[in-house]
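With mmCIF, C-alpha atoms inside, this is start.cif:
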```cif
data_input
loop_
_atom_site.label_atom_id
_atom_site.label_comp_id
_atom_site.auth_asym_id
_atom_site.auth_seq_id
_atom_site.Cartn_x
_atom_site.Cartn_y
_atom_site.Cartn_z
CA MET J 664 -0.70 -13.60 9.57
CA GLU J 665 -0.99 -12.19 6.08
CA TYR J 666 -2.21 -8.73 5.20
CA ASN J 667 -2.61 -6.57 2.14
CA VAL J 668 -2.16 -2.81 1.80
CA ARG J 669 -4.50 -1.30 -0.78
CA MET J 670 -6.64 1.72 -1.61
CA ALA J 671 -9.88 1.84 0.34
CA VAL J 672 -13.24 1.18 -1.28
CA LYS J 673 -16.56 2.52 -0.03
CA GLU J 674 -17.36 -0.82 1.62
CA ASP J 675 -14.46 -0.12 4.03
CA CYS J 676 -16.09 3.03 5.45
CA SER J 677 -17.73 1.31 8.42
CA ALA J 678 -14.39 -0.09 9.62
CA MET J 679 -12.69 3.24 8.88
CA LEU J 680 -15.23 5.08 11.04
CA GLU J 681 -14.70 2.71 13.95
CA MET J 682 -10.94 3.35 13.79
CA ILE J 683 -11.52 7.12 13.58
CA LYS J 684 -13.50 6.80 16.80
CA GLY J 685 -10.61 4.77 18.25
CA ILE J 686 -8.12 7.54 17.49
CA ALA J 687 -10.38 10.15 19.10
CA ALA J 688 -10.83 7.96 22.18
CA CYS J 689 -7.03 7.66 22.55
CA TYR J 690 -6.85 11.44 22.87
CA GLY J 691 -9.96 11.76 25.05
CA LEU J 692 -11.73 13.59 22.21
CA SER J 693 -14.52 11.18 21.30
CA GLU J 694 -17.13 13.97 21.39
CA GLN J 695 -15.36 15.69 18.49
CA VAL J 696 -16.14 12.89 16.03
CA VAL J 697 -19.24 14.05 14.17
CA ILE J 698 -18.55 12.37 10.83
CA THR J 699 -20.78 9.50 9.75
CA GLU J 700 -20.28 6.50 7.51
CA GLU J 701 -22.44 8.27 4.93
CA ASP J 702 -20.13 11.31 5.08
CA LEU J 703 -17.12 9.08 4.48
CA VAL J 704 -18.77 7.49 1.44
CA LYS J 705 -19.93 10.85 0.02
CA ASP J 706 -16.62 12.65 0.66
CA GLY J 707 -14.27 9.89 -0.46
CA PHE J 708 -16.01 7.84 -3.10
CA THR J 709 -17.81 10.24 -5.40
CA GLU J 710 -16.66 12.26 -8.40
CA ASN J 711 -15.32 15.21 -6.38
CA CYS J 712 -13.73 13.39 -3.47
CA PHE J 713 -12.17 15.30 -0.58
CA TYR J 714 -9.91 12.52 0.69
CA GLN J 715 -8.37 9.22 -0.24
CA CYS J 716 -7.51 6.37 2.06
CA ILE J 717 -5.11 3.47 2.16
CA VAL J 718 -6.19 0.48 4.24
CA THR J 719 -4.45 -2.56 5.57
CA GLU J 720 -6.61 -5.64 5.33
CA LEU J 721 -5.94 -8.77 7.35
CA LEU J 722 -6.48 -11.66 4.95
CA PRO J 723 -8.59 -14.67 5.95
CA GLY J 724 -6.71 -17.19 8.05
CA PRO J 725 -7.04 -19.47 11.08
CA GLU J 726 -8.12 -16.63 13.40
CA ASN J 727 -10.49 -14.86 11.00
CA LYS J 728 -12.69 -16.28 8.29
CA GLU J 729 -13.39 -12.92 6.64
CA PRO J 730 -10.97 -10.14 5.66
CA LYS J 731 -10.68 -7.45 8.34
CA ILE J 732 -9.51 -3.82 8.06
CA ILE J 733 -6.81 -3.35 10.71
CA GLY J 734 -5.29 0.00 9.74
CA PHE J 735 -5.68 3.06 7.56
CA LEU J 736 -3.91 6.14 6.30
CA PHE J 737 -6.13 9.08 5.29
CA PHE J 738 -4.65 11.58 2.85
CA SER J 739 -5.49 14.25 0.32
CA PHE J 740 -3.60 16.04 -2.39
CA SER J 741 -2.65 19.63 -1.76
CA TYR J 742 -0.53 22.25 -3.43
CA SER J 743 2.41 24.25 -2.17
CA SER J 744 2.62 27.68 -3.75
CA TRP J 745 6.40 27.40 -3.36
CA LYS J 746 7.03 23.79 -4.37
CA GLY J 747 4.00 22.40 -6.19
CA ARG J 748 2.14 19.13 -5.73
CA SER J 749 2.13 17.57 -2.29
CA ILE J 750 0.24 15.11 -0.14
CA LEU J 751 -1.29 15.89 3.23
CA MET J 752 -1.52 12.83 5.45
CA GLU J 753 -4.38 13.27 7.88
CA ASP J 754 -4.29 10.13 10.02
CA ILE J 755 -2.38 6.89 10.16
CA TYR J 756 -3.79 4.28 12.52
CA VAL J 757 -3.34 0.59 13.24
CA LEU J 758 -5.54 -1.32 15.66
CA PRO J 759 -3.62 -1.77 18.93
CA GLU J 760 -3.44 -5.57 18.71
CA TYR J 761 -1.65 -5.31 15.33
CA ARG J 762 0.95 -2.67 16.19
CA GLY J 763 4.64 -3.46 16.04
CA LEU J 764 4.30 -5.64 12.94
CA GLY J 765 5.49 -3.08 10.39
CA ILE J 766 2.00 -2.18 9.14
CA SER J 767 2.44 1.61 9.49
CA ARG J 768 5.76 1.39 7.67
CA LYS J 769 4.12 -0.58 4.86
CA MET J 770 1.35 2.02 4.50
CA LEU J 771 3.93 4.82 4.53
CA ARG J 772 5.84 3.07 1.74
CA TYR J 773 2.57 2.71 -0.21
CA ILE J 774 1.80 6.43 0.04
CA GLY J 775 5.42 7.24 -0.77
CA LYS J 776 4.95 5.39 -4.06
CA ILE J 777 1.76 7.38 -4.72
CA CYS J 778 3.71 10.55 -4.00
CA GLU J 779 6.39 9.60 -6.51
CA ASP J 780 3.94 8.36 -9.14
CA THR J 781 1.91 11.59 -9.04
CA GLY J 782 4.90 13.93 -9.11
CA CYS J 783 4.44 15.24 -5.59
CA CYS J 784 7.43 16.99 -4.04
CA ARG J 785 6.56 16.24 -0.40
CA MET J 786 4.24 14.62 2.12
CA GLN J 787 3.19 16.37 5.30
CA CYS J 788 1.31 15.45 8.44
CA THR J 789 0.61 17.01 11.80
CA THR J 790 1.15 15.21 15.06
CA THR J 791 1.81 15.98 18.66
CA LYS J 792 5.39 15.54 19.74
CA ASP J 793 4.64 12.98 22.45
CA THR J 794 3.17 10.31 20.16
CA ARG J 795 4.53 7.13 18.61
CA ILE J 796 3.81 8.53 15.14
CA TYR J 797 6.08 11.53 15.80
CA LYS J 798 9.00 9.26 16.68
CA PHE J 799 8.16 6.89 13.82
CA SER J 800 7.98 9.76 11.29
CA CYS J 801 11.37 11.09 12.39
CA GLU J 802 12.87 7.60 12.12
CA GLU J 803 11.50 7.33 8.58
CA GLY J 804 13.11 10.62 7.48
CA ALA J 805 10.46 13.27 8.20
CA GLU J 806 11.61 16.66 9.49
CA ASP J 807 9.88 18.54 12.29
CA VAL J 808 9.28 21.87 10.50
CA THR J 809 7.99 23.51 13.68
CA THR J 810 11.40 22.96 15.24
CA LYS J 811 13.41 23.51 12.04
CA GLU J 812 11.58 26.46 10.47
CA GLY J 813 9.14 27.72 13.11
CA TRP J 814 5.96 26.95 11.13
CA HIS J 815 2.77 26.52 13.15
CA LEU J 816 -0.49 24.89 12.12
CA MET J 817 -3.38 27.36 12.17
CA ARG J 818 -7.01 26.26 12.01
CA PHE J 819 -10.27 28.06 11.27
CA GLU J 820 -13.51 26.27 12.13
CA GLY J 821 -17.04 26.91 13.34
CA ASP J 822 -17.74 30.58 14.06
CA ALA J 823 -14.33 31.60 12.73
CA ILE J 824 -15.30 30.32 9.27
CA LYS J 825 -18.70 32.00 9.48
CA TYR J 826 -17.03 35.26 10.47
CA LEU J 827 -14.69 35.09 7.48
CA GLY J 828 -17.69 34.74 5.17
CA TYR J 829 -19.19 38.09 6.19
CA PRO J 830 -18.01 41.37 4.70
CA LYS J 831 -16.66 43.82 7.24
#
```

Kindly return the structure encoded in the file as structure tokens.
Amino acid sequence: MEYNVRMAVKEDCSAMLEMIKGIAACYGLSEQVVITEEDLVKDGFTENCFYQCIVTELLPGPENKEPKIIGFLFFSFSYSSWKGRSILMEDIYVLPEYRGLGISRKMLRYIGKICEDTGCCRMQCTTTKDTRIYKFSCEEGAEDVTTKEGWHLMRFEGDAIKYLGYPK
């Protein structure tokens, strides 16, 4: 089995959406996926993109005649007011039948190179502690800043965002 890790192109959005739905299903949160393929194209492959994505593509071989997207890593650039340029990794996912082959590690190495090439000082992601990605991230050198420094992820969405937009 041969595969290639590369930057996503808009033609990958259909496969990316199916994997997003797969992640949500793993957590029993399928109803929370409201994004569409059109949203992915508009938000990732236009002049002012909101995300970037690395994909792993299974190359044609005896079991598949066409290339097939089997994993992805969503990310965006962010900025730390204390440290400067950084990368926020949103999701890393590999289809279940391709796990254990080093694909996540390969994508992490790919984004690490992007981080270095763009002068970023760190990469961050959020995960629950009881997942494979938590253990994997720790094995690869990530630090749990919730445990180490007490930071907590805070989120505003829906009515909370609307409320913030109104003067008091």

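With distances restricted to all atoms listed in the file, J:Glu701 is the closest residue to Glu674 in chain J from J:Phe799, J:Tyr761, J:Glu701, J:Tyr742.
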
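Minimum atom-to-atom distance to Asp706 in chain J, evaluated using all atoms listed in the file, belongs to J:Lys673 out of J:Lys728, J:Lys825, J:Lys684, J:Lys673.
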
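Residues lying within 8 Å of range 775-788 of chain J, counting only C-alpha atoms and ignoring same-chain neighbours fewer than 3 positions away, are Lys746, Gly747, Arg748, Ser749, Ile750, Leu751, Met752, Glu753, Asp754, Leu771 and Arg772 of chain J.
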
Please determine an axis-aligned box that encloses all atoms of range 715-726 of chain J listed in the file, with 6 Å added on each side, and express its centre and edge lengths in Å to one decimal as AutoDock Vina command-line options.
```
--center_x -6.5 --center_y -5.1 --center_z 6.6 --size_x 16.1 --size_y 40.7 --size_z 25.6
```

* Atom-to-atom span, CA of Ser767 in chain J and CA of Gly734 in chain J, Å -> 7.9 Å

* To do: Calculate how many Å separate CA of Met679 in chain J from CA of Arg818 in chain J, rounding to one decimal.
  => 23.9 Å
